[in-house]
file input-v1.cif (mmCIF, C-alpha atoms)
data_run
loop_
_atom_site.label_atom_id
_atom_site.label_comp_id
_atom_site.auth_asym_id
_atom_site.auth_seq_id
_atom_site.Cartn_x
_atom_site.Cartn_y
_atom_site.Cartn_z
CA MET A 22 41.11 112.03 107.35
CA LYS A 23 42.15 108.69 105.86
CA LYS A 24 45.10 110.32 104.05
CA LEU A 25 46.16 112.03 107.30
CA PHE A 26 45.97 108.74 109.19
CA THR A 27 48.08 107.00 106.52
CA LEU A 28 50.68 109.78 106.63
CA CYS A 29 50.87 109.61 110.43
CA ALA A 30 51.23 105.83 110.30
CA CYS A 31 54.06 106.09 107.76
CA LEU A 32 55.84 108.71 109.85
CA ALA A 33 55.45 106.61 112.98
CA SER A 34 56.89 103.63 111.15
CA PHE A 35 59.77 105.73 109.83
CA PHE A 36 60.75 107.10 113.23
CA SER A 37 60.36 103.66 114.79
CA LEU A 38 62.89 102.26 112.33
CA GLN A 39 65.24 105.17 112.89
CA ALA A 40 65.08 104.69 116.64
CA GLN A 41 65.74 100.96 116.47
CA ASN A 42 67.88 100.10 119.49
CA PHE A 43 70.81 97.72 119.05
CA ASN A 44 70.52 96.47 122.63
CA ASP A 45 66.91 95.43 122.13
CA TYR A 46 67.92 92.73 119.65
CA PHE A 47 71.62 91.98 119.99
CA GLU A 48 74.37 91.00 122.39
CA ASP A 49 77.75 92.73 122.31
CA LYS A 50 79.08 89.74 120.37
CA THR A 51 79.54 88.74 116.73
CA LEU A 52 77.83 85.93 114.85
CA ARG A 53 80.20 84.76 112.11
CA THR A 54 78.32 82.96 109.37
CA ASP A 55 80.35 80.79 106.98
CA TYR A 56 78.80 79.80 103.64
CA ILE A 57 79.81 77.93 100.53
CA PHE A 58 78.73 79.59 97.28
CA THR A 59 78.61 76.93 94.57
CA GLY A 60 77.58 76.35 90.99
CA ASP A 61 78.45 77.48 87.50
CA ALA A 62 77.35 80.14 85.03
CA GLN A 63 73.95 78.48 84.63
CA LYS A 64 72.96 77.80 88.24
CA GLN A 65 74.18 78.88 91.66
CA GLU A 66 73.47 77.68 95.20
CA VAL A 67 74.22 78.91 98.74
CA TYR A 68 74.98 76.43 101.53
CA LEU A 69 75.54 77.05 105.23
CA ASP A 70 78.92 75.77 106.42
CA GLU A 71 79.37 76.82 110.06
CA LEU A 72 78.29 79.35 112.69
CA SER A 73 80.72 80.91 115.16
CA CYS A 74 80.45 83.31 118.09
CA LEU A 75 83.12 85.98 118.61
CA PRO A 76 83.42 87.91 121.90
CA HIS A 77 82.88 91.48 120.63
CA TRP A 78 80.76 93.33 118.05
CA ALA A 79 82.79 95.89 116.11
CA GLY A 80 80.14 96.83 113.54
CA ARG A 81 77.58 99.61 113.42
CA ARG A 82 74.93 99.96 116.12
CA HIS A 83 72.65 102.25 114.14
CA HIS A 84 71.18 102.27 110.60
CA LEU A 85 70.72 98.58 111.39
CA ASN A 86 68.08 97.83 108.78
CA GLU A 87 69.68 99.97 106.04
CA LEU A 88 72.17 98.87 103.39
CA PRO A 89 75.45 100.77 103.11
CA LEU A 90 75.50 99.99 99.36
CA ALA A 91 73.58 97.53 97.17
CA GLY A 92 76.50 95.21 96.46
CA ASN A 93 76.28 91.96 94.51
CA GLY A 94 74.68 90.18 97.44
CA GLU A 95 72.67 90.92 100.55
CA ILE A 96 72.14 89.44 104.00
CA THR A 97 68.94 90.15 105.93
CA MET A 98 68.28 89.24 109.57
CA LYS A 99 64.69 89.15 110.83
CA ASP A 100 63.38 88.69 114.32
CA LYS A 101 61.61 85.32 114.12
CA ALA A 102 58.71 86.25 116.39
CA SER A 103 57.78 89.60 114.81
CA GLY A 104 59.21 89.28 111.30
CA GLU A 105 60.87 92.68 111.71
CA VAL A 106 64.08 93.31 109.77
CA ILE A 107 66.69 93.94 112.47
CA TYR A 108 69.91 94.00 110.41
CA ARG A 109 70.98 94.18 106.78
CA THR A 110 74.34 94.23 105.05
CA SER A 111 75.70 93.77 101.53
CA PHE A 112 78.74 92.23 99.90
CA SER A 113 80.43 91.02 96.76
CA SER A 114 82.36 87.78 96.32
CA LEU A 115 85.13 86.14 94.35
CA PHE A 116 82.61 83.47 93.34
CA GLN A 117 80.43 86.04 91.60
CA GLU A 118 83.44 87.41 89.73
CA TRP A 119 84.33 83.88 88.64
CA LEU A 120 80.83 83.38 87.17
CA GLY A 121 81.83 85.81 84.40
CA GLU A 122 84.87 83.71 83.47
CA GLU A 123 84.88 81.18 80.62
CA GLU A 124 85.71 78.43 83.10
CA ALA A 125 82.31 78.88 84.75
CA THR A 126 80.59 77.79 81.53
CA ARG A 127 82.07 74.29 81.79
CA LEU A 128 82.86 73.66 85.45
CA LYS A 129 81.11 73.74 88.83
CA LYS A 130 83.07 75.15 91.76
CA GLY A 131 82.58 76.15 95.38
CA PHE A 132 83.95 79.21 97.21
CA GLU A 133 84.18 79.99 100.92
CA ASN A 134 82.54 83.17 102.20
CA SER A 135 82.34 84.48 105.77
CA PHE A 136 80.26 87.36 107.09
CA LEU A 137 80.02 89.17 110.42
CA LEU A 138 76.58 89.81 111.90
CA PRO A 139 75.56 91.08 115.33
CA PHE A 140 74.76 88.19 117.69
CA PRO A 141 70.98 88.01 118.28
CA LYS A 142 69.36 87.73 121.70
CA LYS A 143 66.41 85.78 120.30
CA GLU A 144 65.75 83.40 117.43
CA THR A 145 66.24 85.02 114.05
CA ILE A 146 65.81 84.23 110.37
CA VAL A 147 68.78 84.95 108.11
CA THR A 148 68.47 85.18 104.32
CA VAL A 149 71.46 85.34 101.98
CA ASP A 150 70.78 86.50 98.41
CA LEU A 151 73.21 86.43 95.49
CA LYS A 152 72.48 88.77 92.59
CA ASN A 153 73.49 88.54 88.95
CA ALA A 154 74.75 91.32 86.72
CA ARG A 155 71.16 92.46 86.16
CA HIS A 156 70.69 92.83 89.93
CA GLU A 157 68.27 89.90 89.99
CA VAL A 158 68.41 87.35 92.82
CA CYS A 159 69.94 84.21 91.30
CA ALA A 160 70.51 82.15 94.46
CA SER A 161 69.14 82.36 97.97
CA LEU A 162 69.34 80.57 101.31
CA THR A 163 67.16 81.15 104.37
CA HIS A 164 67.99 79.55 107.72
CA GLU A 165 67.27 79.99 111.42
CA ILE A 166 69.64 81.11 114.14
CA ARG A 167 69.06 79.90 117.71
CA PRO A 168 71.34 81.83 120.08
CA ASP A 169 71.49 78.85 122.47
CA ASP A 170 72.56 76.39 119.75
CA ILE A 171 75.37 74.35 121.33
CA LEU A 172 76.99 73.84 117.91
CA ILE A 173 77.75 77.54 117.44
CA HIS A 174 81.55 77.46 117.58
CA GLN A 175 82.96 79.68 120.35
CA ARG A 176 86.03 81.45 118.97
CA GLY A 177 88.37 84.20 120.05
CA THR A 178 88.55 83.50 123.77
CA ALA A 179 91.95 81.79 123.71
CA ARG A 180 95.06 81.73 121.46
CA ILE A 181 94.42 85.19 120.08
CA THR A 182 96.87 86.14 117.31
CA PRO A 183 99.51 88.66 118.44
CA HIS A 184 98.56 92.16 117.32
CA ARG A 185 99.50 95.80 117.65
CA TYR A 186 97.44 98.94 117.07
CA MET A 187 98.86 101.15 114.33
CA HIS A 188 96.21 103.82 114.79
CA GLN A 189 93.62 104.01 117.58
CA SER A 190 91.13 106.86 117.70
CA GLY A 191 88.51 105.60 120.12
CA SER A 192 86.25 102.77 121.18
CA VAL A 193 85.15 99.84 119.06
CA GLU A 194 81.60 101.22 119.24
CA ASP A 195 82.52 104.64 117.84
CA CYS A 196 85.15 103.83 115.21
CA ILE A 197 85.52 101.76 112.03
CA ASP A 198 87.85 98.88 112.91
CA VAL A 199 90.26 97.76 110.16
CA ALA A 200 92.52 94.74 110.63
CA ILE A 201 95.76 94.42 108.64
CA LEU A 202 96.74 90.75 108.35
CA ALA A 203 100.19 89.32 107.62
CA GLU A 204 100.49 86.91 104.68
CA GLY A 205 103.78 85.24 103.78
CA TYR A 206 105.70 86.68 106.74
CA THR A 207 107.50 84.16 108.94
CA GLU A 208 107.81 84.64 112.70
CA ALA A 209 111.26 86.12 112.13
CA GLU A 210 109.83 88.72 109.67
CA MET A 211 107.13 90.25 111.87
CA ASP A 212 109.10 93.46 112.43
CA ILE A 213 109.01 93.91 108.65
CA PHE A 214 105.26 93.28 108.69
CA TYR A 215 104.65 95.91 111.33
CA ARG A 216 106.65 98.43 109.28
CA ASP A 217 104.58 97.53 106.22
CA ALA A 218 101.37 97.94 108.23
CA ALA A 219 102.51 101.39 109.36
CA ALA A 220 103.22 102.29 105.72
CA THR A 221 99.69 101.14 104.83
CA CYS A 222 98.22 103.53 107.41
CA GLU A 223 100.41 106.33 106.09
CA ALA A 224 99.22 105.70 102.52
CA LEU A 225 95.56 105.49 103.46
CA PHE A 226 95.49 108.63 105.60
CA ALA A 227 97.35 110.60 102.94
CA HIS A 228 94.17 110.47 100.82
CA ALA A 229 90.96 112.45 101.15
CA PRO A 230 88.52 111.83 102.71
CA PHE A 231 90.37 109.43 105.04
CA ASP A 232 92.74 112.22 106.08
CA LYS A 233 90.06 114.50 107.55
CA LEU A 234 88.11 111.55 109.01
CA LYS A 235 91.14 109.81 110.48
CA ASP A 236 89.67 110.04 113.97
CA ARG A 237 86.87 107.65 112.95
CA PHE A 238 89.21 104.70 112.38
CA ASN A 239 91.05 102.15 114.46
CA ILE A 240 93.66 100.09 112.59
CA VAL A 241 95.22 96.98 114.11
CA ALA A 242 98.10 94.94 112.63
CA VAL A 243 97.65 91.19 113.19
CA ALA A 244 100.84 89.13 113.04
CA SER A 245 99.61 85.89 111.50
CA PRO A 246 102.78 83.82 110.85
CA SER A 247 103.47 81.75 107.75
CA ALA A 248 105.70 78.68 107.50
CA ASP A 249 107.25 80.07 104.29
CA SER A 250 108.37 83.55 103.37
CA GLY A 251 106.64 85.03 100.33
CA VAL A 252 103.45 83.95 98.55
CA SER A 253 102.57 81.48 95.83
CA ILE A 254 103.27 82.45 92.21
CA PRO A 255 101.83 79.68 89.99
CA LEU A 256 103.33 81.19 86.83
CA LYS A 257 106.79 80.43 88.28
CA ASN A 258 105.67 77.13 89.81
CA GLU A 259 106.33 78.60 93.25
CA TRP A 260 103.94 77.30 95.91
CA LYS A 261 104.31 78.45 99.51
CA SER A 262 102.75 77.45 102.82
CA THR A 263 101.28 80.74 104.05
CA ALA A 264 98.76 82.00 106.58
CA VAL A 265 95.82 82.37 104.18
CA SER A 266 97.09 80.45 101.12
CA SER A 267 96.99 83.39 98.72
CA HIS A 268 98.32 83.16 95.17
CA PHE A 269 98.72 85.14 92.00
CA SER A 270 97.09 84.12 88.68
CA THR A 271 93.55 84.14 90.06
CA PHE A 272 91.31 83.24 87.08
CA TYR A 273 94.63 82.83 85.17
CA SER A 274 95.23 86.58 85.36
CA ASP A 275 98.92 86.97 86.29
CA ARG A 276 98.57 90.07 88.51
CA TYR A 277 95.35 89.08 90.28
CA LEU A 278 96.34 88.16 93.84
CA THR A 279 93.55 86.66 96.00
CA THR A 280 92.77 83.81 98.35
CA SER A 281 89.78 81.46 98.38
CA ARG A 282 90.56 80.40 101.98
CA VAL A 283 88.30 82.98 103.54
CA LYS A 284 87.69 81.02 106.76
CA SER A 285 91.44 81.08 107.43
CA ILE A 286 91.40 84.88 107.28
CA HIS A 287 88.66 85.10 109.89
CA ASN A 288 90.15 82.40 112.11
CA TRP A 289 93.36 84.43 112.46
CA LEU A 290 91.29 87.48 113.45
CA ALA A 291 89.05 85.77 116.01
CA GLY A 292 89.03 87.65 119.32
CA ILE A 293 90.26 90.93 117.78
CA PRO A 294 87.59 93.56 116.99
CA TYR A 295 87.42 94.10 113.22
CA GLU A 296 85.01 95.04 110.42
CA HIS A 297 87.21 95.47 107.35
CA ILE A 298 90.31 93.55 106.31
CA ILE A 299 93.56 94.42 104.53
CA ILE A 300 95.96 91.53 103.84
CA LEU A 301 99.59 92.39 103.11
CA ALA A 302 101.53 89.88 101.01
CA ASN A 303 105.27 89.66 101.63
CA THR A 304 106.41 89.87 98.01
CA ASP A 305 107.72 92.40 95.50
CA THR A 306 105.71 90.89 92.64
CA TYR A 307 103.12 93.39 91.41
CA GLY A 308 99.49 92.60 92.06
CA GLY A 309 96.49 92.65 94.34
CA GLY A 310 92.74 92.46 94.63
CA GLY A 311 89.86 94.02 96.54
CA ILE A 312 86.35 92.64 97.04
CA TYR A 313 83.56 94.74 98.57
CA ASN A 314 83.00 93.89 102.25
CA SER A 315 85.33 90.90 101.94
CA TYR A 316 89.02 91.87 101.89
CA THR A 317 91.85 93.80 100.29
CA LEU A 318 94.93 91.74 99.43
CA THR A 319 98.00 93.38 97.96
CA THR A 320 101.75 92.99 97.57
CA ALA A 321 103.70 94.96 100.16
CA HIS A 322 107.14 95.36 98.60
CA HIS A 323 106.53 96.50 95.04
CA PRO A 324 107.42 100.18 94.35
CA MET A 325 103.69 100.86 93.64
CA PHE A 326 102.56 99.32 96.92
CA LYS A 327 101.11 102.49 98.45
CA PRO A 328 98.83 103.56 95.57
CA VAL A 329 97.76 99.95 95.00
CA VAL A 330 96.75 99.26 98.61
CA VAL A 331 94.67 102.45 98.63
CA HIS A 332 93.07 101.53 95.28
CA GLU A 333 92.17 98.05 96.50
CA PHE A 334 90.79 99.43 99.77
CA GLY A 335 88.60 101.64 97.60
CA HIS A 336 87.09 98.39 96.32
CA SER A 337 86.80 96.44 99.56
CA PHE A 338 85.76 99.25 101.88
CA GLY A 339 84.13 101.74 99.55
CA GLY A 340 82.53 99.50 96.94
CA LEU A 341 84.17 101.64 94.23
CA ALA A 342 84.46 100.24 90.71
CA ASP A 343 87.52 100.18 88.50
CA GLU A 344 87.49 103.22 86.25
CA TYR A 345 90.02 101.88 83.76
CA PHE A 346 89.18 100.11 80.50
CA TYR A 347 91.02 97.99 77.98
CA SER A 348 88.46 96.87 75.39
CA ASP A 349 85.59 98.07 73.21
CA ALA A 350 83.70 94.89 74.06
CA PRO A 351 80.87 95.09 76.62
CA SER A 352 81.75 93.88 80.10
CA PRO A 353 79.68 90.92 81.33
CA LEU A 354 79.62 92.61 84.74
CA TYR A 355 77.90 95.79 83.53
CA PRO A 356 74.99 95.45 81.06
CA TYR A 357 74.40 98.75 79.27
CA ASP A 358 70.70 98.86 80.22
CA ILE A 359 71.35 98.46 83.96
CA GLU A 360 72.71 101.18 86.25
CA PRO A 361 75.71 99.77 88.18
CA TRP A 362 75.38 99.86 91.98
CA GLU A 363 78.94 101.15 92.36
CA PRO A 364 78.83 104.91 93.04
CA ASN A 365 81.65 105.97 90.68
CA ILE A 366 80.58 104.52 87.32
CA SER A 367 77.37 104.91 85.33
CA THR A 368 75.61 103.65 82.22
CA LEU A 369 73.45 106.84 82.43
CA VAL A 370 70.32 104.68 82.92
CA ASP A 371 69.84 106.31 86.33
CA PHE A 372 72.45 109.04 86.34
CA GLU A 373 70.39 111.09 88.80
CA SER A 374 71.35 108.56 91.49
CA LYS A 375 75.05 109.07 90.78
CA TRP A 376 76.98 112.33 90.39
CA LYS A 377 74.70 114.31 88.08
CA ASP A 378 74.35 116.97 90.78
CA MET A 379 78.14 117.51 90.66
CA VAL A 380 78.35 118.03 86.88
CA PRO A 381 78.42 121.71 85.82
CA THR A 382 75.49 122.83 83.68
CA GLY A 383 76.23 122.60 79.97
CA THR A 384 78.91 119.90 80.31
CA PRO A 385 78.92 117.79 77.11
CA VAL A 386 78.30 114.04 77.29
CA PRO A 387 80.67 112.38 76.76
CA THR A 388 82.95 114.99 78.31
CA PRO A 389 86.26 115.61 76.52
CA VAL A 390 89.19 114.44 78.65
CA LYS A 391 91.18 117.16 80.36
CA ALA A 392 94.85 117.85 79.75
CA SER A 393 95.49 120.55 82.34
CA PRO A 394 97.13 119.29 85.56
CA ASP A 395 94.72 121.53 87.47
CA GLU A 396 91.70 119.76 85.98
CA ILE A 397 92.75 116.19 85.22
CA PHE A 398 91.86 114.88 88.71
CA THR A 399 89.30 117.46 89.83
CA SER A 400 87.08 118.44 86.89
CA VAL A 401 83.85 116.42 87.26
CA GLY A 402 82.14 115.37 84.05
CA VAL A 403 80.81 112.32 82.22
CA TYR A 404 83.89 110.71 80.69
CA GLU A 405 83.34 107.63 78.53
CA GLY A 406 85.32 104.54 79.39
CA ALA A 407 85.14 102.68 82.72
CA GLY A 408 84.30 99.27 84.16
CA TYR A 409 86.76 97.57 81.74
CA THR A 410 85.11 98.82 78.54
CA SER A 411 85.68 101.99 76.52
CA LYS A 412 82.08 102.22 75.31
CA GLY A 413 78.80 102.94 77.10
CA ILE A 414 80.10 103.20 80.68
CA TYR A 415 81.17 106.51 82.18
CA ARG A 416 83.48 107.72 84.94
CA PRO A 417 83.51 111.05 86.83
CA ALA A 418 87.01 112.41 86.06
CA THR A 419 89.77 112.10 83.50
CA GLU A 420 92.01 110.37 86.05
CA CYS A 421 91.46 109.01 89.57
CA ARG A 422 93.03 106.67 92.11
CA MET A 423 90.45 104.10 90.89
CA LYS A 424 91.82 104.40 87.34
CA ILE A 425 95.62 104.75 87.43
CA ASN A 426 98.35 104.26 90.04
CA GLU A 427 99.86 107.61 89.13
CA ALA A 428 96.79 109.55 90.30
CA PRO A 429 97.62 111.23 93.63
CA VAL A 430 93.98 111.42 94.75
CA PHE A 431 90.53 109.96 94.51
CA CYS A 432 88.35 112.07 92.21
CA PRO A 433 85.69 114.29 93.87
CA VAL A 434 82.93 111.74 93.23
CA CYS A 435 84.88 108.89 94.85
CA GLN A 436 85.77 111.16 97.76
CA ARG A 437 82.11 111.98 98.34
CA ALA A 438 81.10 108.31 98.10
CA LEU A 439 83.76 107.29 100.63
CA GLU A 440 82.82 110.09 103.01
CA ARG A 441 79.15 109.15 102.86
CA LEU A 442 80.04 105.57 103.73
CA ILE A 443 82.27 106.57 106.64
CA LEU A 444 79.50 108.75 108.04
CA PHE A 445 76.95 105.94 107.56
CA TYR A 446 79.08 103.65 109.72
CA THR A 447 79.95 106.19 112.41
CA GLU A 448 77.07 108.66 112.79
CA LYS A 449 73.73 107.95 114.48
#
call {"tool": "encode", "arguments": {"input": "input-v1.cif", "output": "structure tokens"}}
result
Amino acid sequence: MKKLFTLCACLASFFSLQAQNFNDYFEDKTLRTDYIFTGDAQKQEVYLDELSCLPHWAGRRHHLNELPLAGNGEITMKDKASGEVIYRTSFSSLFQEWLGEEEATRLKKGFENSFLLPFPKKETIVTVDLKNARHEVCASLTHEIRPDDILIHQRGTARITPHRYMHQSGSVEDCIDVAILAEGYTEAEMDIFYRDAAATCEALFAHAPFDKLKDRFNIVAVASPSADSGVSIPLKNEWKSTAVSSHFSTFYSDRYLTTSRVKSIHNWLAGIPYEHIIILANTDTYGGGGIYNSYTLTTAHHPMFKPVVVHEFGHSFGGLADEYFYSDAPSPLYPYDIEPWEPNISTLVDFESKWKDMVPTGTPVPTPVKASPDEIFTSVGVYEGAGYTSKGIYRPATECRMKINEAPVFCPVCQRALERLILFYTEK
């Protein structure tokens, strides 16, 4: 009888969580939380910067207390009165990437980070956790949210940035809303930006699974003007005044194009429904970057623009890892005794949680690379070399959009991971 009672209680709890109603806890508004992540390789801290209220909520209204992916960080919202978890989300950050750089061993720095949460009806407790490469919490901040706090900045009700929908499938509630932001385009160059945004949509929807799930996306182009045309290239001593202050040579890597001015990104988007962000840089210099649940930023006028923007969106939207490698040395991001959270690479520590079910019986490990054009992108195996190192980390296919620009498709494992995420966001 006791076992039956326990089972019934667990089932009741399960169905209660599944039936959690968005309208019971949240307004149809967004709470933007701005933080500063600070520290060095030895110690990290999280500080609250500012709270803002935006007029619409574009995020999911179901699976509220579930994580889409583990990420390198996590935000948890709890109802203050009951202690119930009412929303969770995950992320990665440029700060956490920087912690693996040599500079972080001798210098303390701070990085802006902004996150979108549903606006609570009642007082809530928000906890932000940063995790290290071993998936251990290394920094944490817990703070209260009072919905009636007069210092919550009201944004997005006036001076909304001009914008145009490139693709609109349905309501904000039903679709995944992606904003494409202009970077390094002057007012006079906005027609070029809109053409580049249209090309971005064309590139994205040319790839599975986005092609067959196209009707689950809205994509809006946001014409944020820059004083200067182009973006900053420190290697050439070229510094421009642009909408979000992006630049190449992030972490002194020539092709790494990012911005640390994250609040600027979100300020331009205030008042426009959005969940995910693509930033197009008005330059023909090769480069880009993508950070999970933060942003994609990529050059718009290089010949490889289309494959690169899709690759970087694989990072920022899908949480996919890089499948390429360039060294035998272990990567500080992926210890060999820890299973990466990214769905498309594995150390084989917990391969059952990855794509083991897609590997044909009898496939050797490591799997010999394929040479046949019919198999190079589609034959699923356990191919050694991924996550920046050639040893001890494995990828699902010989080639993939997450490995080389010349790959015409995501591999089957990446496609499945992306489809699962799209369904998580759009299906009740």
call {"tool": "resolve_selection", "arguments": {"input": "input-v1.cif", "expression": "the PyMOL selection byres ((chain A and resi 145-160) around 6)", "output": "number ranges by chain"}}
result
A: 65-66, 93-101, 144, 161-166, 354
call {"tool": "atom_distance", "arguments": {"input": "input-v1.cif", "atom1": "atom CA of Leu278 of chain A", "atom2": "atom CA of Thr319 of chain A"}}
result
6.9 Å
call {"tool": "residues_near_point", "arguments": {"input": "input-v1.cif", "point": "(88.3, 116.7, 90.2)", "cutoff": "6 Å", "atoms": "all atoms listed in the file", "output": "list of chain:residue names"}}
result
A:Phe398, A:Thr399, A:Ser400, A:Val401, A:Cys432, A:Pro433
call {"tool": "atom_distance", "arguments": {"input": "input-v1.cif", "atom1": "atom CA of Gln117 of chain A", "atom2": "atom CA of Glu71 of chain A"}}
result
20.7 Å
call {"tool": "resolve_selection", "arguments": {"input": "input-v1.cif", "expression": "the PyMOL selection byres ((chain A and resi 308) around 7)", "output": "ChimeraX atom specification"}}
result
/A:276-278,306-307,309,319-320
call {"tool": "residues_around", "arguments": {"input": "input-v1.cif", "residues": "Glu124 of chain A", "least_positions_apart": "6", "cutoff": "10 Å", "atoms": "only C-alpha atoms", "output": "JSON, numbers by chain"}}
result
{"A": [61, 62, 130, 272]}
call {"tool": "write_last_selection", "arguments": {"input": "input-v1.cif", "atoms": "C-alpha atoms", "output": "CSV table (one decimal), in the coordinates of the input"}}
result
chain,number,residue,atom,x,y,z
A,61,ASP,CA,78.4,77.5,87.5
A,62,ALA,CA,77.4,80.1,85.0
A,130,LYS,CA,83.1,75.2,91.8
A,272,PHE,CA,91.3,83.2,87.1
call {"tool": "resolve_selection", "arguments": {"input": "input-v1.cif", "expression": "the PyMOL selection byres ((chain A and resi 327) around 9)", "output": "list of chain:residue names"}}
result
A:Ala220, A:Thr221, A:Glu223, A:Ala224, A:Leu225, A:Ala321, A:His323, A:Pro324, A:Met325, A:Phe326, A:Pro328, A:Val329, A:Val330, A:Val331, A:His332
call {"tool": "closest_residue", "arguments": {"input": "input-v1.cif", "among": "A:Met423, A:Ile293, A:Ile254, A:Ile201", "to": "Gly177 of chain A", "atoms": "only C-alpha atoms"}}
result
A:Ile293
call {"tool": "residues_around", "arguments": {"input": "input-v1.cif", "residues": "Ser274 of chain A", "least_positions_apart": "5", "cutoff": "12 Å", "atoms": "all atoms listed in the file", "output": "ChimeraX atom specification"}}
result
/A:119,122,254-256,268-269,279,308-310
call {"tool": "write_last_selection", "arguments": {"input": "input-v1.cif", "atoms": "C-alpha atoms", "output": "PDB file, in the frame of the given file"}}
result
ATOM      1  CA  TRP A 119      84.330  83.880  88.640  1.00  0.00           C
ATOM      2  CA  GLU A 122      84.870  83.710  83.470  1.00  0.00           C
ATOM      3  CA  ILE A 254     103.270  82.450  92.210  1.00  0.00           C
ATOM      4  CA  PRO A 255     101.830  79.680  89.990  1.00  0.00           C
ATOM      5  CA  LEU A 256     103.330  81.190  86.830  1.00  0.00           C
ATOM      6  CA  HIS A 268      98.320  83.160  95.170  1.00  0.00           C
ATOM      7  CA  PHE A 269      98.720  85.140  92.000  1.00  0.00           C
ATOM      8  CA  THR A 279      93.550  86.660  96.000  1.00  0.00           C
ATOM      9  CA  GLY A 308      99.490  92.600  92.060  1.00  0.00           C
ATOM     10  CA  GLY A 309      96.490  92.650  94.340  1.00  0.00           C
ATOM     11  CA  GLY A 310      92.740  92.460  94.630  1.00  0.00           C
TER      12      GLY A 310
END
call {"tool": "residues_around", "arguments": {"input": "input-v1.cif", "residues": "Trp78 of chain A", "least_positions_apart": "5", "cutoff": "10 Å", "atoms": "all atoms listed in the file", "output": "compact mmCIF listing (two decimals) with C-alpha atoms, in the coordinates of the input"}}
result
# COMPACT_ATOMS: atom_id res chain seq x y z
CA PHE A 47 71.62 91.98 119.99
CA GLU A 48 74.37 91.00 122.39
CA ASP A 49 77.75 92.73 122.31
CA LYS A 50 79.08 89.74 120.37
CA THR A 51 79.54 88.74 116.73
CA LEU A 52 77.83 85.93 114.85
CA LEU A 137 80.02 89.17 110.42
CA LEU A 138 76.58 89.81 111.90
CA PRO A 139 75.56 91.08 115.33
CA PHE A 140 74.76 88.19 117.69
CA VAL A 193 85.15 99.84 119.06
CA GLU A 194 81.60 101.22 119.24
CA ILE A 293 90.26 90.93 117.78
CA PRO A 294 87.59 93.56 116.99
CA TYR A 295 87.42 94.10 113.22
CA GLU A 296 85.01 95.04 110.42
call {"tool": "residues_around", "arguments": {"input": "input-v1.cif", "residues": "segment 387-389 of chain A", "least_positions_apart": "5", "cutoff": "6 Å", "atoms": "all atoms listed in the file", "output": "PyMOL selection string"}}
result
chain A and resi 402-405
call {"tool": "residues_around", "arguments": {"input": "input-v1.cif", "residues": "segment 361-369 of chain A", "least_positions_apart": "6", "cutoff": "10 Å", "atoms": "all atoms listed in the file", "output": "mmCIF file with C-alpha atoms, in the coordinates of the input"}}
result
data_model
loop_
_atom_site.group_PDB
_atom_site.id
_atom_site.type_symbol
_atom_site.label_atom_id
_atom_site.label_comp_id
_atom_site.auth_asym_id
_atom_site.auth_seq_id
_atom_site.Cartn_x
_atom_site.Cartn_y
_atom_site.Cartn_z
ATOM 1 C CA LEU A 90 75.500 99.990 99.360
ATOM 2 C CA ALA A 91 73.580 97.530 97.170
ATOM 3 C CA GLY A 92 76.500 95.210 96.460
ATOM 4 C CA ASN A 93 76.280 91.960 94.510
ATOM 5 C CA ALA A 154 74.750 91.320 86.720
ATOM 6 C CA ARG A 155 71.160 92.460 86.160
ATOM 7 C CA HIS A 156 70.690 92.830 89.930
ATOM 8 C CA HIS A 336 87.090 98.390 96.320
ATOM 9 C CA GLY A 339 84.130 101.740 99.550
ATOM 10 C CA GLY A 340 82.530 99.500 96.940
ATOM 11 C CA LEU A 341 84.170 101.640 94.230
ATOM 12 C CA ALA A 342 84.460 100.240 90.710
ATOM 13 C CA ASP A 343 87.520 100.180 88.500
ATOM 14 C CA GLU A 344 87.490 103.220 86.250
ATOM 15 C CA LEU A 354 79.620 92.610 84.740
ATOM 16 C CA TYR A 355 77.900 95.790 83.530
ATOM 17 C CA LYS A 375 75.050 109.070 90.780
ATOM 18 C CA TRP A 376 76.980 112.330 90.390
ATOM 19 C CA LYS A 377 74.700 114.310 88.080
ATOM 20 C CA VAL A 403 80.810 112.320 82.220
ATOM 21 C CA TYR A 404 83.890 110.710 80.690
ATOM 22 C CA GLU A 405 83.340 107.630 78.530
ATOM 23 C CA GLY A 406 85.320 104.540 79.390
ATOM 24 C CA ALA A 407 85.140 102.680 82.720
ATOM 25 C CA GLY A 408 84.300 99.270 84.160
ATOM 26 C CA LYS A 412 82.080 102.220 75.310
ATOM 27 C CA GLY A 413 78.800 102.940 77.100
ATOM 28 C CA ILE A 414 80.100 103.200 80.680
ATOM 29 C CA TYR A 415 81.170 106.510 82.180
ATOM 30 C CA ARG A 416 83.480 107.720 84.940
ATOM 31 C CA PRO A 417 83.510 111.050 86.830
ATOM 32 C CA ALA A 418 87.010 112.410 86.060
ATOM 33 C CA MET A 423 90.450 104.100 90.890
ATOM 34 C CA CYS A 432 88.350 112.070 92.210
ATOM 35 C CA PRO A 433 85.690 114.290 93.870
ATOM 36 C CA VAL A 434 82.930 111.740 93.230
ATOM 37 C CA CYS A 435 84.880 108.890 94.850
ATOM 38 C CA GLN A 436 85.770 111.160 97.760
ATOM 39 C CA ARG A 437 82.110 111.980 98.340
ATOM 40 C CA ALA A 438 81.100 108.310 98.100
ATOM 41 C CA LEU A 439 83.760 107.290 100.630
#
